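Source file: protein15.tsv. Holds: TSV, C-alpha atoms.
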chain	number	residue	atom	x	y	z
A	1	MET	CA	-93.67	18.41	-1.07
A	2	ASP	CA	-94.90	21.02	1.40
A	3	ARG	CA	-93.09	24.30	0.70
A	4	GLY	CA	-92.68	24.61	4.44
A	5	GLU	CA	-90.19	21.75	4.25
A	6	VAL	CA	-86.94	21.02	2.49
A	7	GLU	CA	-85.16	17.72	1.97
A	8	LEU	CA	-81.54	17.38	3.04
A	9	SER	CA	-79.58	14.31	1.97
A	10	SER	CA	-76.38	12.99	3.52
A	11	SER	CA	-73.35	11.42	1.86
A	12	ASP	CA	-74.96	7.96	1.68
A	13	GLY	CA	-78.23	9.31	0.26
A	14	THR	CA	-80.26	9.26	3.48
A	15	VAL	CA	-82.95	11.93	3.20
A	16	PHE	CA	-84.21	14.11	6.05
A	17	LYS	CA	-87.38	16.17	5.67
A	18	VAL	CA	-86.78	19.34	7.64
A	19	ALA	CA	-88.91	22.41	8.28
A	20	THR	CA	-87.58	25.28	6.19
A	21	ALA	CA	-87.28	27.47	9.28
A	22	VAL	CA	-85.09	24.81	10.89
A	23	ALA	CA	-82.94	24.30	7.80
A	24	CYS	CA	-82.39	28.04	7.44
A	25	VAL	CA	-80.54	28.20	10.74
A	26	SER	CA	-77.77	27.30	8.30
A	27	LYS	CA	-76.79	30.40	6.35
A	28	LEU	CA	-75.64	28.21	3.48
A	29	ILE	CA	-79.02	26.49	3.17
A	30	GLY	CA	-80.86	29.80	3.52
A	31	THR	CA	-78.82	31.32	0.69
A	32	THR	CA	-79.30	28.21	-1.46
A	33	LEU	CA	-83.08	28.36	-1.07
A	34	GLU	CA	-83.16	32.08	-1.83
A	35	GLU	CA	-81.20	31.57	-5.03
A	36	SER	CA	-83.23	28.53	-6.11
A	37	ALA	CA	-86.78	28.83	-4.81
A	38	GLU	CA	-87.91	25.62	-6.54
A	39	LYS	CA	-85.16	23.48	-5.04
A	40	GLU	CA	-86.70	20.70	-2.97
A	41	ARG	CA	-83.65	18.61	-2.08
A	42	ILE	CA	-80.18	19.77	-1.12
A	43	PRO	CA	-77.49	17.06	-1.19
A	44	PHE	CA	-74.46	17.12	1.10
A	45	SER	CA	-71.96	14.57	-0.19
A	46	ASN	CA	-69.43	15.66	2.45
A	47	ILE	CA	-71.62	15.15	5.54
A	48	GLU	CA	-72.30	11.68	6.97
A	49	THR	CA	-75.78	10.65	8.07
A	50	GLU	CA	-75.16	10.60	11.83
A	51	THR	CA	-73.43	13.98	11.68
A	52	LEU	CA	-76.24	15.57	9.66
A	53	LYS	CA	-78.77	14.14	12.11
A	54	LYS	CA	-76.95	15.82	15.02
A	55	VAL	CA	-76.73	19.14	13.19
A	56	ILE	CA	-80.45	19.06	12.36
A	57	ARG	CA	-81.28	18.35	16.00
A	58	TYR	CA	-79.26	21.39	17.06
A	59	CYS	CA	-81.04	23.57	14.50
A	60	GLU	CA	-84.46	22.33	15.63
A	61	HIS	CA	-83.74	23.41	19.18
A	62	HIS	CA	-82.27	26.80	18.28
A	63	LYS	CA	-84.56	27.85	15.40
A	64	ASP	CA	-86.74	30.04	17.64
A	65	GLN	CA	-84.02	31.05	20.07
A	66	GLN	CA	-81.31	33.64	19.95
A	67	ALA	CA	-78.14	31.87	18.89
A	68	PRO	CA	-75.75	31.32	21.81
A	69	LYS	CA	-72.80	33.70	21.64
A	70	VAL	CA	-69.36	32.52	22.66
A	71	LYS	CA	-67.31	35.43	23.99
A	72	ARG	CA	-64.51	33.73	25.86
A	73	ILE	CA	-62.82	30.42	26.47
A	74	GLY	CA	-64.15	28.80	29.64
A	75	GLN	CA	-67.65	30.22	29.15
A	76	ALA	CA	-70.47	28.05	30.51
A	77	MET	CA	-72.95	26.48	28.07
A	78	SER	CA	-76.71	26.23	28.54
A	79	LYS	CA	-78.09	23.02	30.05
A	80	TRP	CA	-79.44	21.85	26.68
A	81	ASP	CA	-76.19	22.55	24.82
A	82	THR	CA	-74.17	20.82	27.55
A	83	GLU	CA	-76.32	17.68	27.25
A	84	PHE	CA	-76.16	17.89	23.45
A	85	PHE	CA	-72.36	17.80	23.47
A	86	ASP	CA	-72.26	15.14	26.17
A	87	GLU	CA	-74.29	12.90	23.87
A	88	ILE	CA	-71.93	13.61	20.97
A	89	ARG	CA	-68.95	12.76	23.14
A	90	HIS	CA	-70.48	9.57	24.58
A	91	GLY	CA	-68.24	6.70	23.50
A	92	ASP	CA	-66.23	9.04	21.26
A	93	SER	CA	-62.77	8.57	22.76
A	94	ASN	CA	-60.90	10.03	19.79
A	95	LEU	CA	-63.14	13.10	19.21
A	96	ASP	CA	-64.13	12.02	15.70
A	97	SER	CA	-67.85	12.75	16.17
A	98	LEU	CA	-67.19	16.16	17.66
A	99	PHE	CA	-64.83	17.12	14.86
A	100	ARG	CA	-67.30	15.93	12.22
A	101	VAL	CA	-69.97	18.18	13.73
A	102	LEU	CA	-67.46	21.05	13.84
A	103	VAL	CA	-66.50	20.67	10.18
A	104	ALA	CA	-70.14	20.27	9.13
A	105	SER	CA	-71.30	23.33	11.06
A	106	ASP	CA	-68.48	25.40	9.59
A	107	TYR	CA	-69.39	24.27	6.07
A	108	LEU	CA	-73.11	24.90	6.65
A	109	GLN	CA	-72.31	28.31	8.18
A	110	ILE	CA	-74.02	27.65	11.50
A	111	ASP	CA	-71.78	30.03	13.40
A	112	SER	CA	-73.17	29.41	16.88
A	113	LEU	CA	-72.66	25.64	16.60
A	114	THR	CA	-69.14	26.10	15.26
A	115	ASP	CA	-68.29	28.37	18.19
A	116	LEU	CA	-69.76	25.93	20.72
A	117	CYS	CA	-67.77	23.04	19.21
A	118	CYS	CA	-64.59	25.07	19.60
A	119	LEU	CA	-65.55	26.06	23.13
A	120	LYS	CA	-66.04	22.38	23.97
A	121	LEU	CA	-62.66	21.47	22.52
A	122	ALA	CA	-60.96	24.24	24.47
A	123	ASP	CA	-62.68	23.18	27.68
A	124	MET	CA	-61.59	19.57	27.17
A	125	THR	CA	-57.94	20.61	27.26
A	126	LYS	CA	-58.29	22.29	30.66
A	127	GLY	CA	-55.86	20.75	33.13
A	128	GLU	CA	-54.40	18.36	30.54
A	129	THR	CA	-50.66	17.92	30.22
A	130	THR	CA	-48.99	18.58	26.88
A	131	ASP	CA	-48.51	14.83	26.37
A	132	GLU	CA	-52.22	14.29	26.95
A	133	ILE	CA	-52.98	17.08	24.48
A	134	ARG	CA	-50.76	15.43	21.88
A	135	LEU	CA	-52.61	12.14	22.37
A	136	LEU	CA	-56.04	13.78	22.37
A	137	PHE	CA	-55.45	15.57	19.07
A	138	LYS	CA	-53.28	12.85	17.48
A	139	LEU	CA	-50.30	15.15	16.99
A	140	GLU	CA	-47.95	12.27	16.17
A	141	SER	CA	-49.51	11.95	12.73
A	142	LEU	CA	-49.75	15.65	11.90
A	143	HIS	CA	-47.04	15.71	9.26
A	144	GLU	CA	-48.59	12.75	7.44
A	145	HIS	CA	-52.01	14.38	7.23
A	146	LYS	CA	-51.20	18.06	7.00
A	147	THR	CA	-53.90	19.05	4.52
A	148	ALA	CA	-56.61	17.18	6.37
A	149	PHE	CA	-55.63	18.18	9.88
A	150	ARG	CA	-58.84	18.54	11.79
A	151	LEU	CA	-57.93	21.39	14.12
A	152	HIS	CA	-57.66	23.87	11.27
A	153	ASP	CA	-61.23	25.12	11.65
A	154	PHE	CA	-60.87	25.16	15.42
A	155	LEU	CA	-57.93	27.56	15.29
A	156	ARG	CA	-59.62	29.78	12.74
A	157	TRP	CA	-62.17	30.54	15.47
A	158	LEU	CA	-59.52	32.18	17.62
A	159	GLU	CA	-58.08	35.68	17.36
A	160	PRO	CA	-54.60	34.22	17.81
A	161	SER	CA	-52.62	36.81	19.79
A	162	GLU	CA	-55.53	37.76	22.05
A	163	ALA	CA	-56.55	34.14	22.58
A	164	LEU	CA	-53.03	33.05	23.47
A	165	SER	CA	-52.56	35.88	25.96
A	166	SER	CA	-55.91	34.98	27.54
A	167	LEU	CA	-55.04	31.29	27.76
A	168	LEU	CA	-51.63	31.99	29.27
A	169	LYS	CA	-53.23	33.71	32.26
A	170	GLN	CA	-54.73	30.35	33.27
A	171	GLU	CA	-52.31	27.53	33.98
A	172	ASP	CA	-55.07	24.99	33.38
A	173	PHE	CA	-55.00	25.94	29.69
A	174	LEU	CA	-51.25	25.54	29.24
A	175	GLY	CA	-51.82	22.47	27.07
A	176	LEU	CA	-54.07	24.31	24.66
A	177	ALA	CA	-51.70	27.30	24.47
A	178	TRP	CA	-48.82	24.93	23.70
A	179	LEU	CA	-50.92	23.15	21.08
A	180	ILE	CA	-51.74	26.39	19.25
A	181	LEU	CA	-48.10	27.52	19.27
A	182	TYR	CA	-46.93	24.12	18.09
A	183	LEU	CA	-49.31	24.06	15.14
A	184	LEU	CA	-48.41	27.60	14.11
A	185	LYS	CA	-44.68	26.96	14.46
A	186	GLU	CA	-44.85	23.84	12.32
A	187	ASN	CA	-46.95	25.68	9.73
A	188	LEU	CA	-49.69	23.06	10.06
A	189	VAL	CA	-52.45	25.66	10.16
A	190	GLU	CA	-52.84	29.18	8.85
A	191	VAL	CA	-54.55	31.91	10.85
A	192	THR	CA	-55.32	35.55	10.16
A	193	PRO	CA	-54.04	37.83	11.49
A	194	LEU	CA	-50.62	36.32	12.13
A	195	VAL	CA	-49.46	36.04	15.73
A	196	ARG	CA	-47.13	39.01	16.21
A	197	SER	CA	-47.24	39.50	19.99
A	198	ILE	CA	-47.54	37.19	23.00
A	199	ASP	CA	-48.10	38.53	26.50
A	200	PHE	CA	-46.57	36.36	29.24
A	201	SER	CA	-46.68	39.15	31.83
A	202	ASP	CA	-49.59	37.72	33.86
A	203	CYS	CA	-48.48	34.09	33.62
A	204	LYS	CA	-47.88	32.16	36.82
A	205	LEU	CA	-45.98	29.34	35.15
A	206	SER	CA	-42.74	27.75	36.24
A	207	PRO	CA	-39.64	28.70	34.21
A	208	GLN	CA	-39.57	25.18	32.75
A	209	LYS	CA	-43.11	25.60	31.41
A	210	PHE	CA	-42.18	29.00	30.02
A	211	LEU	CA	-39.32	27.37	28.15
A	212	LEU	CA	-41.68	24.73	26.75
A	213	LEU	CA	-43.84	27.50	25.27
A	214	LEU	CA	-40.91	29.59	24.05
A	215	GLY	CA	-39.60	26.58	22.17
A	216	CYS	CA	-42.79	26.56	20.08
A	217	LEU	CA	-42.87	30.23	19.07
A	218	PRO	CA	-43.93	30.62	15.42
A	219	LYS	CA	-41.73	32.63	13.08
A	220	SER	CA	-44.28	35.45	12.89
A	221	VAL	CA	-43.80	36.48	16.56
A	222	GLU	CA	-42.05	39.85	16.91
A	223	GLU	CA	-42.95	40.91	20.46
A	224	LEU	CA	-42.79	39.19	23.84
A	225	LYS	CA	-43.90	40.62	27.18
A	226	PHE	CA	-42.63	39.05	30.39
A	227	GLY	CA	-43.51	39.33	34.07
A	228	ARG	CA	-41.76	38.57	37.35
A	229	SER	CA	-42.48	34.84	37.34
A	230	MET	CA	-40.26	34.40	34.29
A	231	PHE	CA	-37.28	35.28	36.49
A	232	ASP	CA	-38.02	32.95	39.40
A	233	GLY	CA	-35.38	30.33	40.16
A	234	GLU	CA	-33.45	29.39	37.05
A	235	GLY	CA	-35.85	31.30	34.81
A	236	CYS	CA	-33.36	34.00	33.87
A	237	THR	CA	-30.76	31.42	32.85
A	238	LEU	CA	-33.29	29.51	30.73
A	239	LEU	CA	-34.55	32.68	29.05
A	240	CYS	CA	-31.03	33.86	28.30
A	241	GLY	CA	-30.23	30.54	26.67
A	242	PHE	CA	-33.31	30.88	24.50
A	243	LEU	CA	-32.51	34.48	23.50
A	244	LYS	CA	-28.89	33.66	22.78
A	245	ALA	CA	-29.95	30.85	20.45
A	246	LEU	CA	-32.20	33.29	18.59
A	247	SER	CA	-29.44	35.89	18.42
A	248	ASP	CA	-26.95	33.35	17.09
A	249	SER	CA	-29.41	32.26	14.40
A	250	GLY	CA	-30.01	35.82	13.27
A	251	GLY	CA	-33.70	35.07	12.90
A	252	GLU	CA	-33.02	33.35	9.60
A	253	GLY	CA	-34.02	29.79	10.49
A	254	ALA	CA	-37.05	28.26	8.83
A	255	HIS	CA	-39.14	28.41	12.00
A	256	VAL	CA	-37.20	30.94	14.08
A	257	PRO	CA	-38.88	34.19	15.15
A	258	SER	CA	-37.09	37.51	14.76
A	259	LEU	CA	-37.86	39.37	17.98
A	260	ARG	CA	-38.21	43.13	17.52
A	261	ARG	CA	-39.80	44.16	20.82
A	262	LEU	CA	-39.14	42.87	24.34
A	263	TRP	CA	-40.92	44.02	27.49
A	264	PHE	CA	-39.44	43.39	30.93
A	265	ASP	CA	-41.30	46.10	32.83
A	266	GLY	CA	-41.73	45.40	36.52
A	267	CYS	CA	-39.71	42.17	36.38
A	268	ASN	CA	-37.69	43.05	39.49
A	269	LEU	CA	-34.37	42.61	37.70
A	270	ASP	CA	-31.22	43.09	39.78
A	271	ASP	CA	-27.57	43.38	38.78
A	272	GLU	CA	-26.99	39.64	38.52
A	273	LYS	CA	-30.03	39.01	36.36
A	274	ALA	CA	-29.31	42.09	34.24
A	275	LYS	CA	-25.74	40.93	33.59
A	276	GLN	CA	-27.16	37.60	32.42
A	277	LEU	CA	-30.00	39.02	30.36
A	278	PHE	CA	-28.61	42.03	28.52
A	279	PRO	CA	-25.79	40.29	26.62
A	280	SER	CA	-28.42	37.87	25.26
A	281	LEU	CA	-30.66	40.52	23.71
A	282	PRO	CA	-31.23	39.73	20.00
A	283	LYS	CA	-29.50	42.04	17.55
A	284	GLU	CA	-32.75	42.66	15.61
A	285	LEU	CA	-34.27	44.40	18.65
A	286	GLU	CA	-36.12	47.65	17.91
A	287	GLU	CA	-37.85	48.30	21.25
A	288	LEU	CA	-36.77	47.48	24.81
A	289	ASN	CA	-38.94	48.21	27.84
A	290	LEU	CA	-37.27	48.04	31.27
A	291	GLU	CA	-39.73	50.21	33.16
A	292	GLY	CA	-39.83	49.84	36.93
A	293	ASN	CA	-36.68	47.73	37.37
A	294	ARG	CA	-35.27	49.80	40.21
A	295	GLU	CA	-32.98	47.09	41.60
A	296	ILE	CA	-30.59	47.30	38.67
A	297	GLY	CA	-27.37	49.02	39.73
A	298	SER	CA	-24.28	50.30	37.97
A	299	ALA	CA	-23.03	46.81	37.05
A	300	GLY	CA	-26.33	45.94	35.39
A	301	TRP	CA	-26.56	49.22	33.50
A	302	GLY	CA	-22.96	48.82	32.43
A	303	SER	CA	-23.91	45.47	30.90
A	304	LEU	CA	-26.76	47.12	29.01
A	305	GLY	CA	-24.40	49.83	27.75
A	306	ALA	CA	-22.04	47.21	26.38
A	307	ARG	CA	-24.89	45.45	24.56
A	308	LEU	CA	-26.39	48.66	23.17
A	309	LYS	CA	-23.34	49.05	20.95
A	310	GLY	CA	-24.51	45.99	19.03
A	311	LEU	CA	-28.19	46.96	18.84
A	312	GLU	CA	-27.94	49.33	15.91
A	313	GLY	CA	-31.62	49.00	15.00
A	314	LEU	CA	-32.95	49.95	18.45
A	315	LYS	CA	-35.53	52.74	18.11
A	316	LYS	CA	-37.24	52.83	21.52
A	317	LEU	CA	-35.73	52.44	24.99
A	318	LYS	CA	-38.00	52.79	28.02
A	319	LEU	CA	-36.25	53.29	31.36
A	320	GLN	CA	-38.91	55.15	33.33
A	321	SER	CA	-39.10	54.50	37.07
A	322	CYS	CA	-35.63	52.93	37.13
A	323	ASN	CA	-32.88	53.64	39.64
A	324	LEU	CA	-30.45	55.28	37.22
A	325	ASP	CA	-28.10	57.80	38.86
A	326	ASP	CA	-25.95	60.46	37.19
A	327	GLU	CA	-22.75	58.43	37.13
A	328	THR	CA	-24.45	55.41	35.62
A	329	ALA	CA	-26.20	57.60	33.06
A	330	LYS	CA	-22.85	59.01	31.96
A	331	GLN	CA	-21.63	55.47	31.31
A	332	LEU	CA	-24.81	54.34	29.56
A	333	PHE	CA	-25.76	57.23	27.30
A	334	PRO	CA	-22.64	57.31	25.08
A	335	SER	CA	-23.59	53.78	23.98
A	336	LEU	CA	-27.08	54.72	22.77
A	337	PRO	CA	-27.61	53.77	19.10
A	338	GLY	CA	-27.58	56.64	16.64
A	339	GLY	CA	-31.00	55.67	15.27
A	340	LEU	CA	-32.74	55.81	18.66
A	341	GLU	CA	-36.04	57.69	18.27
A	342	GLU	CA	-37.49	57.49	21.78
A	343	LEU	CA	-35.80	57.44	25.19
A	344	ASN	CA	-38.15	57.51	28.18
A	345	LEU	CA	-36.49	58.60	31.43
A	346	SER	CA	-39.56	59.78	33.34
A	347	PHE	CA	-39.88	59.17	37.09
A	348	MET	CA	-36.20	58.42	37.55
A	349	PHE	CA	-35.04	58.07	41.18
A	350	SER	CA	-31.43	57.77	42.29
A	351	ASP	CA	-32.50	56.82	45.81
A	352	PRO	CA	-34.29	53.42	45.94
A	353	GLY	CA	-36.19	54.64	48.97
A	354	CYS	CA	-37.87	57.46	47.07
A	355	ALA	CA	-41.44	57.08	45.87
Show this structure as structure tokens.
Amino acid sequence: MDRGEVELSSSDGTVFKVATAVACVSKLIGTTLEESAEKERIPFSNIETETLKKVIRYCEHHKDQQAPKVKRIGQAMSKWDTEFFDEIRHGDSNLDSLFRVLVASDYLQIDSLTDLCCLKLADMTKGETTDEIRLLFKLESLHEHKTAFRLHDFLRWLEPSEALSSLLKQEDFLGLAWLILYLLKENLVEVTPLVRSIDFSDCKLSPQKFLLLLGCLPKSVEELKFGRSMFDGEGCTLLCGFLKALSDSGGEGAHVPSLRRLWFDGCNLDDEKAKQLFPSLPKELEELNLEGNREIGSAGWGSLGARLKGLEGLKKLKLQSCNLDDETAKQLFPSLPGGLEELNLSFMFSDPGCA
């Protein structure tokens, strides 16, 4: 056989003669040929014929081109790549062909194809409801097929905390964000690093949708950041119910997160919301950020003072740019935990009209 070619065989023994330069788009094949220069045929018992054919076609097109780089979810593909994935998806209502290409590209170490498969999957969830996402990814059967669950490689592509925060800024990707949280919460996939922080501060979701996401928080989450939209309508009541349930559980449930850091900066909290929120703060709390909540008055701060007595592990309390006057401070400060390491009181104004 011409040394400029290599034979690749699929799971049923079908043989493809492929130019070596094309085959070496796969890092795995390139390494195999380097380690065994005389090897003329490389068998792939785990890759079906149609899938291998698609992968080879991709490699043929990209062998002389710079590999496409996926930098963000929602990124546009080239015309050729778009048509390539449209052909894969044609008549593939349950995504089997796309997932086979994803798994094959991951195994063959064709990083650009793996990334594009994941980008396509992410794009397909845009605008879908959570029920549609469940149907699309066959979530009903997850527990029966845990070890073979096909989204595992997809989620490995994501930097979990950063990806979630990015997705949550776009309501169209709510379904995908929910899906990722659900899988992590149920321990159906493993990702590195673990999801420790989720930033909801730029979300424009309804409180009900917030609650849907909060109900799927994985145990590894320690920090949540909220914005004003969380406190629209009945949002404060829903959030307090969620936090109270966590506090009552003590963070010891099998899938219950133990929240250490909560950020409510710029949430426009007033006395009524503060009196609802502060008693619900989890006892494991180590950092509380209330920066910029200048509508909280003496009643709200009094509620915080009462709760601080039970937050013995609190180490950081950020109250900068809050409307905290001398009298309120005298009521609040005696309740500060003995282990408090940082108290930020910068830019304090007793007159709400001050700037």
Using 9 Å as the limit and counting only C-alpha atoms, can you tabulate each residue of range 178-251 of chain A that touches range 273-284 of chain A, with its shortest atom-to-atom distance in Å and the two atoms involved, as a tab-separated table?
residue	atom	partner	partner_atom	distance
A:Phe231	CA	A:Lys273	CA	8.2
A:Cys236	CA	A:Lys273	CA	6.5
A:Thr237	CA	A:Gln276	CA	7.2
A:Leu239	CA	A:Leu277	CA	7.9
A:Cys240	CA	A:Leu277	CA	5.7
A:Gly241	CA	A:Ser280	CA	7.7
A:Phe242	CA	A:Ser280	CA	8.6
A:Leu243	CA	A:Ser280	CA	5.6
A:Lys244	CA	A:Ser280	CA	4.9
A:Ala245	CA	A:Ser280	CA	8.6
A:Leu246	CA	A:Pro282	CA	6.7
A:Ser247	CA	A:Pro282	CA	4.5
A:Asp248	CA	A:Pro282	CA	8.2
A:Gly250	CA	A:Lys283	CA	7.6
A:Gly251	CA	A:Glu284	CA	8.1
Give me the box for range 333-339 of chain A as AutoDock Vina command-line options, namely the centre and edge lengths in Å to one decimal of a box along x, y and z that holds every listed atom plus 5 Å on each side.
--center_x -26.8 --center_y 55.5 --center_z 21.3 --size_x 18.4 --size_y 13.5 --size_z 22.0
* Which value, in Å to one decimal, gives the distance between CA of Lys330 in chain A and CA of Leu269 in chain A? ->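 Computing the Euclidean distance for CA of Lys330 in chain A and CA of Leu269 in chain A yields 20.8 Å.
Among A:Ser11, A:Asp64, A:Gly30, A:Ala299, the residue with the shortest atom-to-atom distance to Pro43 in chain A, counting all atoms listed in the file, is A:Ser11.
Using all atoms listed in the file, the smallest distance between any of A:Ser321, A:Ile180, A:Leu311, A:Val25 and Ile296 in chain A comes from A:Ser321.
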* For the atom pair CA of Ser78 in chain A and CA of Cys118 in chain A, what is the interatomic distance in Å to one decimal place? ->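 Pair CA of Ser78 in chain A / CA of Cys118 in chain A returns 15.1 Å.
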* Hey, what's within 6 Å of Val22 in chain A if we count all atoms listed in the file and toss same-chain stuff fewer than 4 positions away? As a PyMOL selection string, please? -> chain A and resi 59-60+63
